[in-house]
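First the structure, in the form of structure tokens, and then the observations on it.
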Amino acid sequence: MSSVVAEASALAQFIAQYSDEAIQQAILLLVSQRPALQPLLSQSLQEPPGQRYVGTIKSFWPEKCFGFIQCDELMQQFGADVFLSDQEIGAFIVGSMVSFSVMLNKDGRPQAKLLDAAADGGVLPILAGLRTVEKRPRSWTQAWELPVPAAATVAAELPLAAPRPLKAT
């Protein structure tokens with residue numbers, strides 16, 4: 001069951017990048033290919049949309065591949081912080097204020113899904129201009145790359161120096 005949840009979360013993150021119109025067209029195409037989905041989708045669309053919550057990433061251990069989000073509303077409801085997987089954290093870091101959806105894990109505890117920057121927080125300003133690597137490594141020291149200027153720009157800014165003669169040994 002957890003692999004289905006992980007696949008669903010990854011698919012939702014991918015789809016969320018597109019416009020509403022593109023998503024709607026993709027769903028219509030999918031239903032034309034898999035007609036059995038139509039009643040399931042129709043039933044799901046009758047339910048109110050899932051609630052979004054806001055919290056702060058409280059901790060994250062890259063070597064353990066998880067951390068927690070502090071959210072007062074969910075703490076009152078479940079008596080625990082919200083679990084955060086390494087598959088969901090993206091470019092956020094400890095201290096980032098995030099908006100997220102919740103799914104309950106097999107033990108009935110809240111697990112964060114589909115993180116987004118909260119309206120009044122998100123990725124810390126120091127990370128502006130950084131981009132995440134395609135496949136995030138386990139070590140946070142390698143999780144971000146600085147933008148690299150084009151080689152021609154770098155070469156143009158380097159002072160020219162005369163080559164040094166080699167010393168005979």
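Just remember, in the structure tokens the first chain shown is A, the second B, etc., residues are 1-based per chain, and ligands are 1-based in the order shown.
Residues surrounding A:Phe14 within 12 Å are Glu7, Ala8, Ser9, Ser19, Ile23 and Leu114 of chain A [only C-alpha atoms; sequence separation below 5 positions excluded].
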Okay, now the selection with N, CA and C atoms, as a compact mmCIF listing (two decimals), in the first residue's frame?
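Dumped everything to result_9.txt:
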# COMPACT_ATOMS: atom_id res chain seq x y z
N GLU A 7 3.81 6.38 -5.19
CA GLU A 7 3.60 6.60 -6.62
C GLU A 7 2.58 7.71 -6.85
N ALA A 8 1.49 7.69 -6.09
CA ALA A 8 0.44 8.71 -6.22
C ALA A 8 0.99 10.09 -5.90
N SER A 9 1.80 10.18 -4.87
CA SER A 9 2.38 11.47 -4.48
C SER A 9 3.31 11.99 -5.58
N SER A 19 -0.93 23.54 -16.15
CA SER A 19 -2.11 24.39 -15.99
C SER A 19 -3.34 23.52 -15.74
N ILE A 23 -4.30 19.77 -17.28
CA ILE A 23 -4.62 18.65 -16.40
C ILE A 23 -5.99 18.07 -16.77
N LEU A 114 2.99 16.62 -0.93
CA LEU A 114 2.85 17.77 -1.83
C LEU A 114 3.19 19.10 -1.14
- Message: Which residues are near A:Asn105? Cut-off 12 Å, only C-alpha atoms, ignore same chain within fewer than 6 positions. Put them as JSON, numbers by chain.
- Response: {"A": [1, 2, 3, 4, 5, 6, 82, 83, 84, 85, 111, 112, 113]}
Can I get the selected residues back with all heavy atoms, as a short mmCIF file (atom, residue, chain, number, x, y, z; two decimals), in the first residue's frame?
data_model
loop_
_atom_site.label_atom_id
_atom_site.label_comp_id
_atom_site.auth_asym_id
_atom_site.auth_seq_id
_atom_site.Cartn_x
_atom_site.Cartn_y
_atom_site.Cartn_z
N MET A 1 0.82 -1.20 0.00
CA MET A 1 0.00 0.00 0.00
C MET A 1 0.86 1.26 0.00
O MET A 1 0.55 2.22 -0.67
CB MET A 1 -0.93 -0.04 1.21
CG MET A 1 -1.82 1.16 1.35
SD MET A 1 -3.01 1.22 -0.01
CE MET A 1 -4.01 2.56 0.50
N SER A 2 1.98 1.26 0.73
CA SER A 2 2.80 2.46 0.80
C SER A 2 3.45 2.78 -0.54
O SER A 2 3.71 3.94 -0.83
CB SER A 2 3.86 2.33 1.89
OG SER A 2 4.79 1.33 1.55
N SER A 3 3.72 1.77 -1.39
CA SER A 3 4.28 2.06 -2.71
C SER A 3 3.23 2.76 -3.58
O SER A 3 3.57 3.61 -4.39
CB SER A 3 4.80 0.79 -3.38
OG SER A 3 3.74 -0.06 -3.72
N VAL A 4 1.96 2.42 -3.42
CA VAL A 4 0.89 3.10 -4.16
C VAL A 4 0.82 4.56 -3.72
O VAL A 4 0.69 5.46 -4.56
CB VAL A 4 -0.47 2.40 -3.96
CG1 VAL A 4 -1.60 3.21 -4.55
CG2 VAL A 4 -0.43 1.01 -4.56
N VAL A 5 0.93 4.82 -2.42
CA VAL A 5 0.88 6.18 -1.91
C VAL A 5 2.08 6.97 -2.43
O VAL A 5 1.94 8.13 -2.86
CB VAL A 5 0.84 6.19 -0.36
CG1 VAL A 5 1.03 7.59 0.19
CG2 VAL A 5 -0.47 5.59 0.13
N ALA A 6 3.26 6.36 -2.44
CA ALA A 6 4.46 7.03 -2.95
C ALA A 6 4.32 7.34 -4.43
O ALA A 6 4.67 8.43 -4.89
CB ALA A 6 5.70 6.17 -2.68
N VAL A 82 4.12 15.95 12.19
CA VAL A 82 3.82 15.34 10.90
C VAL A 82 5.09 14.75 10.30
O VAL A 82 6.10 15.45 10.18
CB VAL A 82 3.20 16.38 9.94
CG1 VAL A 82 2.85 15.76 8.60
CG2 VAL A 82 1.99 17.04 10.57
N PHE A 83 5.04 13.49 9.92
CA PHE A 83 6.17 12.80 9.30
C PHE A 83 6.47 13.42 7.94
O PHE A 83 5.56 13.72 7.18
CB PHE A 83 5.85 11.31 9.14
CG PHE A 83 6.96 10.51 8.52
CD1 PHE A 83 7.99 10.02 9.29
CD2 PHE A 83 6.97 10.26 7.16
CE1 PHE A 83 9.02 9.27 8.72
CE2 PHE A 83 7.98 9.52 6.57
CZ PHE A 83 9.01 9.03 7.35
N LEU A 84 7.76 13.59 7.63
CA LEU A 84 8.20 14.16 6.36
C LEU A 84 9.24 13.25 5.73
O LEU A 84 10.32 13.04 6.29
CB LEU A 84 8.78 15.55 6.58
CG LEU A 84 9.40 16.25 5.38
CD1 LEU A 84 8.37 16.46 4.27
CD2 LEU A 84 10.01 17.58 5.80
N SER A 85 8.91 12.69 4.58
CA SER A 85 9.80 11.77 3.86
C SER A 85 10.81 12.54 3.01
O SER A 85 10.55 13.67 2.59
CB SER A 85 8.96 10.88 2.95
OG SER A 85 9.73 10.29 1.95
N GLN A 111 1.21 12.08 7.61
CA GLN A 111 2.41 12.14 6.79
C GLN A 111 2.21 13.25 5.75
O GLN A 111 1.19 13.29 5.07
CB GLN A 111 2.63 10.80 6.10
CG GLN A 111 3.91 10.77 5.29
CD GLN A 111 4.27 9.35 4.86
OE1 GLN A 111 3.71 8.37 5.32
NE2 GLN A 111 5.23 9.26 3.96
N ALA A 112 3.19 14.15 5.64
CA ALA A 112 3.09 15.29 4.72
C ALA A 112 3.27 14.86 3.28
O ALA A 112 4.11 14.02 2.96
CB ALA A 112 4.15 16.34 5.09
N LYS A 113 2.46 15.45 2.40
CA LYS A 113 2.53 15.20 0.96
C LYS A 113 2.40 16.53 0.23
O LYS A 113 1.76 17.46 0.73
CB LYS A 113 1.39 14.27 0.50
CG LYS A 113 1.44 12.89 1.12
CD LYS A 113 2.57 12.09 0.54
CE LYS A 113 2.62 10.69 1.11
NZ LYS A 113 3.78 9.96 0.65
#
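Atom CA of A:Pro49 is found 25.0 Å from atom CA of A:Asp86.
The shortest atom-to-atom distance to A:Gln51, with only C-alpha atoms taken into account, belongs to A:Leu74 out of A:Ile89, A:Leu74, A:Leu28, A:Ala16.
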- Message: My list of candidates is A:Ala10, A:Ala80, A:Cys65, A:Val54. Which is closest to A:Phe100 when distances are computed with only C-alpha atoms?
- Response: A:Val54
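Taking atom CA of A:Met97 and atom CA of A:Gly55 as the two end points, the separation is 5.6 Å.
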